[in-house]
Amino acid sequence: MRRVLILGGTAEARALAAELADVPSVHVVSSLAGRVTNPRLPVGDVRAGGFGGPDGLATWLAAERIDAMVDATHPFAARMTASAAEVSARTGVPLLVLRRPGWPQGPADTWQRVDSLQAAATRLAESAGPVRVFLTTGRRSLPVFTGLAGVWLLARSVDPPEPPVPPHVHVLLDRGPYTVEGELALIREHRLDVLVTKDSGGRLTAAKLVAARELGLPVIMVDRPPLPTGVRLVETVNAAALWAQG
Ligand code: NAP
């Protein structure tokens, strides 16, 4: 029996666990960070919570006799990916990174690409006049944006941000998938001027970009953090499932 750890928290990780559940020669344990109050759970065995850095992960892999790891975490979960890459190099447990592709920019899109949340905040601070922002970068990123003069925020997240939330921030608790109609209605209702998002990729949350394109809304797109050098990368669940079977 080949024992495979899936580092999860994404739709792709759940799809991979489901695909491998039908493979008799593979036993999967999925791992979640344990931050979301009511997470969508993969099929099969699940553990939750950080490992305690690379040392903790290495200890856990040995105790659970794990033969291979698939890092199917979110493209912005850079610490977990760095930890998995370090432990793989140190212990020899093979690692595959499964990352959905980023969103492609079309000719009708008005995107400014930036390399960090802080750079996105700087772009907003440079805007002439007050600006109403559709912010979808996650609840933990909210403090980066709340101190900007003249910036009103519609901050959408799965779980509520840490209080206190300032009065110029409207929090919308929601979880994809979203529809283009819904996103158009939201942008119009709140008279939003600009969308700030991370280049997460995937279909579940892409509707906001279609709506922005239709309405001519500019987008500040935060680029993904780079992957650790030398990691093996695939973009589809099928490719990851084949690799996981050895
Ligand atoms: P991160 O910054 O890379 O992770 C911070 C720490 O959380 C890691 O060092 C690790 O703790 C623990 N951790 C992260 N993912 C884990 C996993 N799958 N299993 C066990 N421990 C994990 O990651 P993040 O951005 O906070 O994301 C946390 C989780 O949410 C990830 O599983 C990710 O797939 C999911 N998620 C993230 C985003 C996003 O925008 N970042 C969006 C959707 C879903 P130790 O060092 O103690 O092992």
# chains A, B, ... in the order shown; residues from 1 in each chain; ligands from 1
>>> residues_near_ligand(ligand="ligand 1", cutoff="9 Å", atoms="only C-alpha atoms and all ligand atoms", output="ChimeraX atom specification")
/A:6-11,13,30-36,47-57,71-84,137-138,140,198,200
>>> select_by_dssp(residues="region 38-142 of chain A", states="helix (DSSP H, G or I)", output="ChimeraX atom specification")
/A:53-63,78-91,117-125,139-142
>>> write_last_selection(atoms="C-alpha atoms", output="PDB file, in the first residue's frame")
ATOM      1  CA  GLY A  53       7.232  23.805  10.651  1.00  0.00           C
ATOM      2  CA  PRO A  54       9.533  21.599   8.563  1.00  0.00           C
ATOM      3  CA  ASP A  55      10.792  19.612  11.576  1.00  0.00           C
ATOM      4  CA  GLY A  56       7.245  18.783  12.625  1.00  0.00           C
ATOM      5  CA  LEU A  57       6.314  17.773   9.086  1.00  0.00           C
ATOM      6  CA  ALA A  58       9.381  15.516   8.805  1.00  0.00           C
ATOM      7  CA  THR A  59       8.506  13.828  12.103  1.00  0.00           C
ATOM      8  CA  TRP A  60       4.885  13.372  11.060  1.00  0.00           C
ATOM      9  CA  LEU A  61       5.854  11.857   7.662  1.00  0.00           C
ATOM     10  CA  ALA A  62       8.113   9.321   9.363  1.00  0.00           C
ATOM     11  CA  ALA A  63       5.518   8.400  12.010  1.00  0.00           C
ATOM     12  CA  ALA A  78       3.784  29.802   0.227  1.00  0.00           C
ATOM     13  CA  ARG A  79       4.906  28.773   3.713  1.00  0.00           C
ATOM     14  CA  MET A  80       3.370  25.316   3.497  1.00  0.00           C
ATOM     15  CA  THR A  81       4.871  24.800   0.039  1.00  0.00           C
ATOM     16  CA  ALA A  82       8.315  25.946   1.204  1.00  0.00           C
ATOM     17  CA  SER A  83       8.096  23.618   4.200  1.00  0.00           C
ATOM     18  CA  ALA A  84       7.103  20.635   2.013  1.00  0.00           C
ATOM     19  CA  ALA A  85       9.935  21.345  -0.450  1.00  0.00           C
ATOM     20  CA  GLU A  86      12.501  21.616   2.331  1.00  0.00           C
ATOM     21  CA  VAL A  87      11.343  18.393   3.982  1.00  0.00           C
ATOM     22  CA  SER A  88      11.275  16.519   0.675  1.00  0.00           C
ATOM     23  CA  ALA A  89      14.870  17.543  -0.048  1.00  0.00           C
ATOM     24  CA  ARG A  90      15.926  16.601   3.467  1.00  0.00           C
ATOM     25  CA  THR A  91      14.123  13.261   3.837  1.00  0.00           C
ATOM     26  CA  LEU A 117      -0.497  42.816  -1.361  1.00  0.00           C
ATOM     27  CA  GLN A 118       1.511  45.798  -0.171  1.00  0.00           C
ATOM     28  CA  ALA A 119       2.149  46.842  -3.772  1.00  0.00           C
ATOM     29  CA  ALA A 120      -1.601  46.576  -4.456  1.00  0.00           C
ATOM     30  CA  ALA A 121      -2.262  48.897  -1.491  1.00  0.00           C
ATOM     31  CA  THR A 122       0.318  51.347  -2.845  1.00  0.00           C
ATOM     32  CA  ARG A 123      -1.480  51.421  -6.216  1.00  0.00           C
ATOM     33  CA  LEU A 124      -4.748  52.210  -4.453  1.00  0.00           C
ATOM     34  CA  ALA A 125      -3.088  54.943  -2.416  1.00  0.00           C
ATOM     35  CA  ARG A 139      -9.586  38.245   5.568  1.00  0.00           C
ATOM     36  CA  ARG A 140      -6.018  38.146   6.860  1.00  0.00           C
ATOM     37  CA  SER A 141      -4.920  40.679   4.221  1.00  0.00           C
ATOM     38  CA  LEU A 142      -7.487  43.272   5.329  1.00  0.00           C
TER      39      LEU A 142
END
>>> residues_around(residues="Thr146 (chain A)", least_positions_apart="4", cutoff="8 Å", atoms="only C-alpha atoms", output="VMD selection string")
chain A and resid 142 151 153 166 169
>>> write_last_selection(atoms="C-alpha atoms", output="PDB file, in the first residue's frame")
ATOM      1  CA  LEU A 142      -7.487  43.272   5.329  1.00  0.00           C
ATOM      2  CA  VAL A 151     -10.460  54.085   0.174  1.00  0.00           C
ATOM      3  CA  LEU A 153     -13.677  48.578   0.948  1.00  0.00           C
ATOM      4  CA  PRO A 166     -13.370  50.030  10.677  1.00  0.00           C
ATOM      5  CA  VAL A 169     -15.098  48.509   5.494  1.00  0.00           C
TER       6      VAL A 169
END
>>> residues_around(residues="Ala185 (chain A)", least_positions_apart="4", cutoff="12 Å", atoms="only C-alpha atoms", output="PDB file with N, CA, C and O atoms, in the first residue's frame")
ATOM      1  N   TYR A 178     -19.076  31.593  -7.525  1.00  0.00           N
ATOM      2  CA  TYR A 178     -19.848  32.793  -7.802  1.00  0.00           C
ATOM      3  C   TYR A 178     -20.286  32.797  -9.263  1.00  0.00           C
ATOM      4  O   TYR A 178     -19.650  32.163 -10.109  1.00  0.00           O
ATOM      5  N   THR A 179     -21.368  33.562  -9.542  1.00  0.00           N
ATOM      6  CA  THR A 179     -21.854  33.674 -10.920  1.00  0.00           C
ATOM      7  C   THR A 179     -21.539  35.073 -11.443  1.00  0.00           C
ATOM      8  O   THR A 179     -21.406  36.029 -10.665  1.00  0.00           O
ATOM      9  N   VAL A 180     -21.463  35.184 -12.763  1.00  0.00           N
ATOM     10  CA  VAL A 180     -21.205  36.493 -13.369  1.00  0.00           C
ATOM     11  C   VAL A 180     -22.354  37.453 -13.025  1.00  0.00           C
ATOM     12  O   VAL A 180     -22.118  38.611 -12.666  1.00  0.00           O
ATOM     13  N   GLU A 181     -23.584  36.946 -13.077  1.00  0.00           N
ATOM     14  CA  GLU A 181     -24.745  37.805 -12.763  1.00  0.00           C
ATOM     15  C   GLU A 181     -24.627  38.352 -11.346  1.00  0.00           C
ATOM     16  O   GLU A 181     -24.868  39.533 -11.093  1.00  0.00           O
ATOM     17  N   GLU A 189     -24.331  47.396  -7.233  1.00  0.00           N
ATOM     18  CA  GLU A 189     -24.985  47.785  -5.970  1.00  0.00           C
ATOM     19  C   GLU A 189     -24.057  48.640  -5.107  1.00  0.00           C
ATOM     20  O   GLU A 189     -24.485  49.626  -4.507  1.00  0.00           O
ATOM     21  N   HIS A 190     -22.790  48.258  -5.055  1.00  0.00           N
ATOM     22  CA  HIS A 190     -21.851  48.980  -4.176  1.00  0.00           C
ATOM     23  C   HIS A 190     -21.052  50.047  -4.921  1.00  0.00           C
ATOM     24  O   HIS A 190     -20.137  50.635  -4.352  1.00  0.00           O
ATOM     25  N   ARG A 191     -21.375  50.263  -6.187  1.00  0.00           N
ATOM     26  CA  ARG A 191     -20.725  51.302  -7.021  1.00  0.00           C
ATOM     27  C   ARG A 191     -19.191  51.178  -6.915  1.00  0.00           C
ATOM     28  O   ARG A 191     -18.496  52.142  -6.616  1.00  0.00           O
ATOM     29  N   LEU A 192     -18.718  49.973  -7.193  1.00  0.00           N
ATOM     30  CA  LEU A 192     -17.287  49.699  -7.002  1.00  0.00           C
ATOM     31  C   LEU A 192     -16.479  50.229  -8.193  1.00  0.00           C
ATOM     32  O   LEU A 192     -16.939  50.199  -9.329  1.00  0.00           O
ATOM     33  N   ALA A 207     -15.656  34.452 -11.888  1.00  0.00           N
ATOM     34  CA  ALA A 207     -16.769  35.277 -12.397  1.00  0.00           C
ATOM     35  C   ALA A 207     -16.527  36.767 -12.169  1.00  0.00           C
ATOM     36  O   ALA A 207     -16.932  37.601 -12.987  1.00  0.00           O
ATOM     37  N   LYS A 208     -15.836  37.125 -11.085  1.00  0.00           N
ATOM     38  CA  LYS A 208     -15.582  38.548 -10.812  1.00  0.00           C
ATOM     39  C   LYS A 208     -14.773  39.186 -11.934  1.00  0.00           C
ATOM     40  O   LYS A 208     -14.941  40.366 -12.246  1.00  0.00           O
ATOM     41  N   ALA A 211     -17.089  39.788 -14.873  1.00  0.00           N
ATOM     42  CA  ALA A 211     -17.929  40.960 -14.559  1.00  0.00           C
ATOM     43  C   ALA A 211     -17.115  42.240 -14.684  1.00  0.00           C
ATOM     44  O   ALA A 211     -17.589  43.243 -15.252  1.00  0.00           O
ATOM     45  N   ALA A 212     -15.891  42.235 -14.192  1.00  0.00           N
ATOM     46  CA  ALA A 212     -15.038  43.430 -14.292  1.00  0.00           C
ATOM     47  C   ALA A 212     -14.797  43.782 -15.753  1.00  0.00           C
ATOM     48  O   ALA A 212     -14.852  44.954 -16.146  1.00  0.00           O
ATOM     49  N   GLU A 214     -16.749  43.069 -18.317  1.00  0.00           N
ATOM     50  CA  GLU A 214     -17.999  43.579 -18.916  1.00  0.00           C
ATOM     51  C   GLU A 214     -18.254  45.024 -18.538  1.00  0.00           C
ATOM     52  O   GLU A 214     -18.779  45.802 -19.319  1.00  0.00           O
ATOM     53  N   LEU A 215     -17.875  45.389 -17.320  1.00  0.00           N
ATOM     54  CA  LEU A 215     -18.162  46.747 -16.835  1.00  0.00           C
ATOM     55  C   LEU A 215     -16.986  47.703 -17.023  1.00  0.00           C
ATOM     56  O   LEU A 215     -17.058  48.865 -16.635  1.00  0.00           O
TER      57      LEU A 215
END
>>> residues_around(residues="Val23 (chain A)", least_positions_apart="2", cutoff="12 Å", atoms="only C-alpha atoms", output="JSON, numbers by chain")
{"A": [1, 2, 3, 4, 16, 17, 18, 19, 20, 21, 25, 26, 27, 28, 241, 242, 244, 245, 246]}
>>> write_last_selection(atoms="C-alpha atoms", output="tab-separated table (two decimals), in the first residue's frame")
chain	number	residue	atom	x	y	z
A	1	MET	CA	0.00	0.00	0.00
A	2	ARG	CA	1.44	3.37	-1.06
A	3	ARG	CA	0.75	6.03	1.58
A	4	VAL	CA	0.22	9.50	0.13
A	16	LEU	CA	-7.45	14.37	-6.07
A	17	ALA	CA	-8.47	12.66	-2.82
A	18	ALA	CA	-11.71	11.56	-4.48
A	19	GLU	CA	-9.88	10.20	-7.53
A	20	LEU	CA	-7.33	8.28	-5.43
A	21	ALA	CA	-10.07	6.86	-3.16
A	25	SER	CA	-3.05	0.36	-3.95
A	26	VAL	CA	-3.05	3.91	-2.55
A	27	HIS	CA	-3.99	5.15	0.93
A	28	VAL	CA	-4.52	8.91	1.15
A	241	ALA	CA	-3.28	11.17	-9.54
A	242	LEU	CA	-1.03	9.29	-11.97
A	244	ALA	CA	0.66	9.61	-6.75
A	245	GLN	CA	0.16	6.01	-7.87
A	246	GLY	CA	3.90	5.79	-8.51
>>> select_by_dssp(residues="region 54-246 of chain A", states="strand (DSSP E)", output="PDB file with N, CA and C atoms, in the first residue's frame")
ATOM      1  N   ALA A  68       4.859   9.441  -0.298  1.00  0.00           N
ATOM      2  CA  ALA A  68       4.902  10.545  -1.259  1.00  0.00           C
ATOM      3  C   ALA A  68       3.954  11.649  -0.802  1.00  0.00           C
ATOM      4  N   MET A  69       4.306  12.891  -1.168  1.00  0.00           N
ATOM      5  CA  MET A  69       3.477  14.054  -0.802  1.00  0.00           C
ATOM      6  C   MET A  69       3.034  14.765  -2.066  1.00  0.00           C
ATOM      7  N   VAL A  70       1.754  15.169  -2.088  1.00  0.00           N
ATOM      8  CA  VAL A  70       1.289  16.092  -3.136  1.00  0.00           C
ATOM      9  C   VAL A  70       0.900  17.389  -2.452  1.00  0.00           C
ATOM     10  N   ASP A  71       1.581  18.455  -2.807  1.00  0.00           N
ATOM     11  CA  ASP A  71       1.217  19.766  -2.277  1.00  0.00           C
ATOM     12  C   ASP A  71       0.163  20.362  -3.202  1.00  0.00           C
ATOM     13  N   LEU A  95       8.042  14.777  -3.623  1.00  0.00           N
ATOM     14  CA  LEU A  95       7.014  15.833  -3.561  1.00  0.00           C
ATOM     15  C   LEU A  95       6.598  16.219  -4.964  1.00  0.00           C
ATOM     16  N   LEU A  96       5.281  16.317  -5.154  1.00  0.00           N
ATOM     17  CA  LEU A  96       4.735  16.884  -6.389  1.00  0.00           C
ATOM     18  C   LEU A  96       3.900  18.090  -5.993  1.00  0.00           C
ATOM     19  N   VAL A  97       4.040  19.188  -6.720  1.00  0.00           N
ATOM     20  CA  VAL A  97       3.186  20.353  -6.476  1.00  0.00           C
ATOM     21  C   VAL A  97       2.098  20.371  -7.548  1.00  0.00           C
ATOM     22  N   LEU A  98       0.856  20.381  -7.094  1.00  0.00           N
ATOM     23  CA  LEU A  98      -0.292  20.510  -8.005  1.00  0.00           C
ATOM     24  C   LEU A  98      -0.816  21.933  -7.892  1.00  0.00           C
ATOM     25  N   TRP A 111      -5.919  45.111 -16.460  1.00  0.00           N
ATOM     26  CA  TRP A 111      -5.278  44.611 -15.242  1.00  0.00           C
ATOM     27  C   TRP A 111      -3.964  45.337 -15.009  1.00  0.00           C
ATOM     28  N   GLN A 112      -3.716  45.632 -13.741  1.00  0.00           N
ATOM     29  CA  GLN A 112      -2.362  46.030 -13.347  1.00  0.00           C
ATOM     30  C   GLN A 112      -1.827  44.886 -12.508  1.00  0.00           C
ATOM     31  N   ARG A 113      -0.688  44.331 -12.896  1.00  0.00           N
ATOM     32  CA  ARG A 113      -0.103  43.246 -12.130  1.00  0.00           C
ATOM     33  C   ARG A 113       0.859  43.810 -11.094  1.00  0.00           C
ATOM     34  N   VAL A 114       0.746  43.299  -9.860  1.00  0.00           N
ATOM     35  CA  VAL A 114       1.666  43.714  -8.796  1.00  0.00           C
ATOM     36  C   VAL A 114       2.190  42.447  -8.123  1.00  0.00           C
ATOM     37  N   VAL A 131     -11.981  56.156  -3.683  1.00  0.00           N
ATOM     38  CA  VAL A 131     -12.142  54.977  -4.519  1.00  0.00           C
ATOM     39  C   VAL A 131     -12.862  53.886  -3.726  1.00  0.00           C
ATOM     40  N   ARG A 132     -13.775  53.206  -4.415  1.00  0.00           N
ATOM     41  CA  ARG A 132     -14.549  52.126  -3.786  1.00  0.00           C
ATOM     42  C   ARG A 132     -14.023  50.798  -4.334  1.00  0.00           C
ATOM     43  N   VAL A 133     -13.513  49.980  -3.408  1.00  0.00           N
ATOM     44  CA  VAL A 133     -12.706  48.814  -3.793  1.00  0.00           C
ATOM     45  C   VAL A 133     -13.428  47.511  -3.476  1.00  0.00           C
ATOM     46  N   PHE A 134     -13.410  46.612  -4.426  1.00  0.00           N
ATOM     47  CA  PHE A 134     -13.880  45.240  -4.228  1.00  0.00           C
ATOM     48  C   PHE A 134     -12.629  44.417  -3.886  1.00  0.00           C
ATOM     49  N   LEU A 135     -12.525  43.995  -2.614  1.00  0.00           N
ATOM     50  CA  LEU A 135     -11.304  43.346  -2.126  1.00  0.00           C
ATOM     51  C   LEU A 135     -11.586  41.868  -1.878  1.00  0.00           C
ATOM     52  N   VAL A 151     -10.174  55.413   0.733  1.00  0.00           N
ATOM     53  CA  VAL A 151     -10.460  54.085   0.174  1.00  0.00           C
ATOM     54  C   VAL A 151     -11.568  53.401   0.988  1.00  0.00           C
ATOM     55  N   TRP A 152     -12.694  53.150   0.325  1.00  0.00           N
ATOM     56  CA  TRP A 152     -13.792  52.386   0.927  1.00  0.00           C
ATOM     57  C   TRP A 152     -13.684  50.950   0.417  1.00  0.00           C
ATOM     58  N   LEU A 153     -13.933  49.977   1.316  1.00  0.00           N
ATOM     59  CA  LEU A 153     -13.677  48.578   0.948  1.00  0.00           C
ATOM     60  C   LEU A 153     -14.918  47.701   1.084  1.00  0.00           C
ATOM     61  N   LEU A 154     -15.217  46.948   0.050  1.00  0.00           N
ATOM     62  CA  LEU A 154     -16.117  45.809   0.177  1.00  0.00           C
ATOM     63  C   LEU A 154     -15.208  44.586   0.252  1.00  0.00           C
ATOM     64  N   ALA A 155     -15.073  44.035   1.450  1.00  0.00           N
ATOM     65  CA  ALA A 155     -14.129  42.934   1.666  1.00  0.00           C
ATOM     66  C   ALA A 155     -14.907  41.625   1.758  1.00  0.00           C
ATOM     67  N   ARG A 156     -14.697  40.763   0.771  1.00  0.00           N
ATOM     68  CA  ARG A 156     -15.418  39.486   0.773  1.00  0.00           C
ATOM     69  C   ARG A 156     -14.485  38.378   1.240  1.00  0.00           C
ATOM     70  N   SER A 157     -14.980  37.594   2.216  1.00  0.00           N
ATOM     71  CA  SER A 157     -14.151  36.497   2.728  1.00  0.00           C
ATOM     72  C   SER A 157     -15.042  35.366   3.228  1.00  0.00           C
ATOM     73  N   VAL A 169     -15.239  49.855   6.065  1.00  0.00           N
ATOM     74  CA  VAL A 169     -15.098  48.509   5.494  1.00  0.00           C
ATOM     75  C   VAL A 169     -16.426  47.785   5.632  1.00  0.00           C
ATOM     76  N   HIS A 170     -16.948  47.320   4.509  1.00  0.00           N
ATOM     77  CA  HIS A 170     -18.158  46.502   4.531  1.00  0.00           C
ATOM     78  C   HIS A 170     -17.725  45.060   4.286  1.00  0.00           C
ATOM     79  N   VAL A 171     -17.971  44.189   5.265  1.00  0.00           N
ATOM     80  CA  VAL A 171     -17.548  42.789   5.136  1.00  0.00           C
ATOM     81  C   VAL A 171     -18.703  41.970   4.568  1.00  0.00           C
ATOM     82  N   LEU A 172     -18.384  41.181   3.566  1.00  0.00           N
ATOM     83  CA  LEU A 172     -19.375  40.297   2.956  1.00  0.00           C
ATOM     84  C   LEU A 172     -18.861  38.870   3.118  1.00  0.00           C
ATOM     85  N   LEU A 173     -19.567  38.073   3.931  1.00  0.00           N
ATOM     86  CA  LEU A 173     -19.140  36.691   4.147  1.00  0.00           C
ATOM     87  C   LEU A 173     -19.778  35.808   3.084  1.00  0.00           C
ATOM     88  N   VAL A 194     -12.883  49.530  -8.509  1.00  0.00           N
ATOM     89  CA  VAL A 194     -11.706  48.711  -8.815  1.00  0.00           C
ATOM     90  C   VAL A 194     -11.786  47.391  -8.045  1.00  0.00           C
ATOM     91  N   LEU A 195     -11.287  46.343  -8.670  1.00  0.00           N
ATOM     92  CA  LEU A 195     -11.227  45.023  -8.025  1.00  0.00           C
ATOM     93  C   LEU A 195      -9.774  44.731  -7.660  1.00  0.00           C
ATOM     94  N   VAL A 196      -9.553  44.308  -6.424  1.00  0.00           N
ATOM     95  CA  VAL A 196      -8.213  43.866  -6.012  1.00  0.00           C
ATOM     96  C   VAL A 196      -8.304  42.382  -5.679  1.00  0.00           C
ATOM     97  N   THR A 197      -7.532  41.565  -6.404  1.00  0.00           N
ATOM     98  CA  THR A 197      -7.615  40.118  -6.208  1.00  0.00           C
ATOM     99  C   THR A 197      -6.236  39.488  -6.335  1.00  0.00           C
ATOM    100  N   LYS A 198      -6.102  38.286  -5.791  1.00  0.00           N
ATOM    101  CA  LYS A 198      -4.889  37.503  -5.997  1.00  0.00           C
ATOM    102  C   LYS A 198      -5.105  36.634  -7.238  1.00  0.00           C
ATOM    103  N   VAL A 219      -8.626  46.124 -12.694  1.00  0.00           N
ATOM    104  CA  VAL A 219      -8.295  45.054 -11.741  1.00  0.00           C
ATOM    105  C   VAL A 219      -6.841  45.209 -11.319  1.00  0.00           C
ATOM    106  N   ILE A 220      -6.606  45.175 -10.021  1.00  0.00           N
ATOM    107  CA  ILE A 220      -5.228  45.070  -9.524  1.00  0.00           C
ATOM    108  C   ILE A 220      -5.020  43.605  -9.159  1.00  0.00           C
ATOM    109  N   MET A 221      -4.143  42.951  -9.927  1.00  0.00           N
ATOM    110  CA  MET A 221      -3.943  41.504  -9.812  1.00  0.00           C
ATOM    111  C   MET A 221      -2.624  41.220  -9.101  1.00  0.00           C
ATOM    112  N   VAL A 222      -2.734  40.587  -7.935  1.00  0.00           N
ATOM    113  CA  VAL A 222      -1.523  40.260  -7.183  1.00  0.00           C
ATOM    114  C   VAL A 222      -0.965  38.935  -7.715  1.00  0.00           C
ATOM    115  N   ARG A 232       8.847  19.643  -8.622  1.00  0.00           N
ATOM    116  CA  ARG A 232       8.136  19.084  -9.765  1.00  0.00           C
ATOM    117  C   ARG A 232       6.694  19.605  -9.733  1.00  0.00           C
ATOM    118  N   LEU A 233       6.236  20.128 -10.865  1.00  0.00           N
ATOM    119  CA  LEU A 233       4.941  20.825 -10.902  1.00  0.00           C
ATOM    120  C   LEU A 233       4.032  20.212 -11.954  1.00  0.00           C
ATOM    121  N   VAL A 234       2.745  19.988 -11.583  1.00  0.00           N
ATOM    122  CA  VAL A 234       1.724  19.657 -12.586  1.00  0.00           C
ATOM    123  C   VAL A 234       0.529  20.586 -12.362  1.00  0.00           C
TER     124      VAL A 234
END
>>> atom_distance(atom1="CA of Ala240 (chain A)", atom2="CA of Asp45 (chain A)")
18.2 Å
>>> atom_distance(atom1="CA of Ile187 (chain A)", atom2="CA of Thr205 (chain A)")
14.7 Å
>>> decode(residues="region 115-130 of chain A", atoms="N, CA, C and O atoms", output="mmCIF file, in the first residue's frame")
data_model
loop_
_atom_site.group_PDB
_atom_site.id
_atom_site.type_symbol
_atom_site.label_atom_id
_atom_site.label_comp_id
_atom_site.auth_asym_id
_atom_site.auth_seq_id
_atom_site.Cartn_x
_atom_site.Cartn_y
_atom_site.Cartn_z
ATOM 1 N N ASP A 115 3.317 42.586 -7.420
ATOM 2 C CA ASP A 115 3.933 41.367 -6.892
ATOM 3 C C ASP A 115 3.639 41.116 -5.418
ATOM 4 O O ASP A 115 4.173 40.165 -4.844
ATOM 5 N N SER A 116 2.826 41.965 -4.804
ATOM 6 C CA SER A 116 2.512 41.730 -3.388
ATOM 7 C C SER A 116 1.237 42.485 -3.023
ATOM 8 O O SER A 116 0.814 43.412 -3.737
ATOM 9 N N LEU A 117 0.669 42.103 -1.882
ATOM 10 C CA LEU A 117 -0.497 42.816 -1.361
ATOM 11 C C LEU A 117 -0.136 44.266 -1.059
ATOM 12 O O LEU A 117 -0.909 45.190 -1.310
ATOM 13 N N GLN A 118 1.060 44.450 -0.506
ATOM 14 C CA GLN A 118 1.511 45.798 -0.171
ATOM 15 C C GLN A 118 1.587 46.678 -1.425
ATOM 16 O O GLN A 118 1.187 47.848 -1.401
ATOM 17 N N ALA A 119 2.069 46.089 -2.516
ATOM 18 C CA ALA A 119 2.149 46.842 -3.772
ATOM 19 C C ALA A 119 0.748 47.182 -4.284
ATOM 20 O O ALA A 119 0.532 48.254 -4.861
ATOM 21 N N ALA A 120 -0.211 46.284 -4.061
ATOM 22 C CA ALA A 120 -1.601 46.576 -4.456
ATOM 23 C C ALA A 120 -2.123 47.765 -3.647
ATOM 24 O O ALA A 120 -2.783 48.666 -4.192
ATOM 25 N N ALA A 121 -1.818 47.779 -2.347
ATOM 26 C CA ALA A 121 -2.262 48.897 -1.491
ATOM 27 C C ALA A 121 -1.620 50.207 -1.957
ATOM 28 O O ALA A 121 -2.272 51.258 -1.978
ATOM 29 N N THR A 122 -0.370 50.139 -2.367
ATOM 30 C CA THR A 122 0.318 51.347 -2.845
ATOM 31 C C THR A 122 -0.372 51.878 -4.104
ATOM 32 O O THR A 122 -0.581 53.086 -4.249
ATOM 33 N N ARG A 123 -0.763 50.987 -5.002
ATOM 34 C CA ARG A 123 -1.480 51.421 -6.216
ATOM 35 C C ARG A 123 -2.784 52.130 -5.853
ATOM 36 O O ARG A 123 -3.135 53.147 -6.442
ATOM 37 N N LEU A 124 -3.486 51.573 -4.864
ATOM 38 C CA LEU A 124 -4.748 52.210 -4.453
ATOM 39 C C LEU A 124 -4.482 53.580 -3.848
ATOM 40 O O LEU A 124 -5.215 54.543 -4.120
ATOM 41 N N ALA A 125 -3.421 53.670 -3.060
ATOM 42 C CA ALA A 125 -3.088 54.943 -2.416
ATOM 43 C C ALA A 125 -2.748 56.009 -3.453
ATOM 44 O O ALA A 125 -2.933 57.203 -3.212
ATOM 45 N N GLU A 126 -2.282 55.577 -4.609
ATOM 46 C CA GLU A 126 -1.917 56.522 -5.670
ATOM 47 C C GLU A 126 -3.117 56.977 -6.487
ATOM 48 O O GLU A 126 -2.988 57.857 -7.345
ATOM 49 N N SER A 127 -4.306 56.361 -6.264
ATOM 50 C CA SER A 127 -5.493 56.733 -7.051
ATOM 51 C C SER A 127 -5.869 58.178 -6.774
ATOM 52 O O SER A 127 -5.777 58.647 -5.640
ATOM 53 N N ALA A 128 -6.338 58.845 -7.817
ATOM 54 C CA ALA A 128 -6.798 60.231 -7.641
ATOM 55 C C ALA A 128 -8.228 60.187 -7.107
ATOM 56 O O ALA A 128 -9.097 59.572 -7.707
ATOM 57 N N GLY A 129 -8.470 60.772 -5.974
ATOM 58 C CA GLY A 129 -9.826 60.858 -5.429
ATOM 59 C C GLY A 129 -10.232 59.607 -4.687
ATOM 60 O O GLY A 129 -9.516 58.611 -4.681
ATOM 61 N N PRO A 130 -11.403 59.674 -4.027
ATOM 62 C CA PRO A 130 -11.880 58.519 -3.267
ATOM 63 C C PRO A 130 -12.152 57.340 -4.200
ATOM 64 O O PRO A 130 -12.543 57.530 -5.354
#
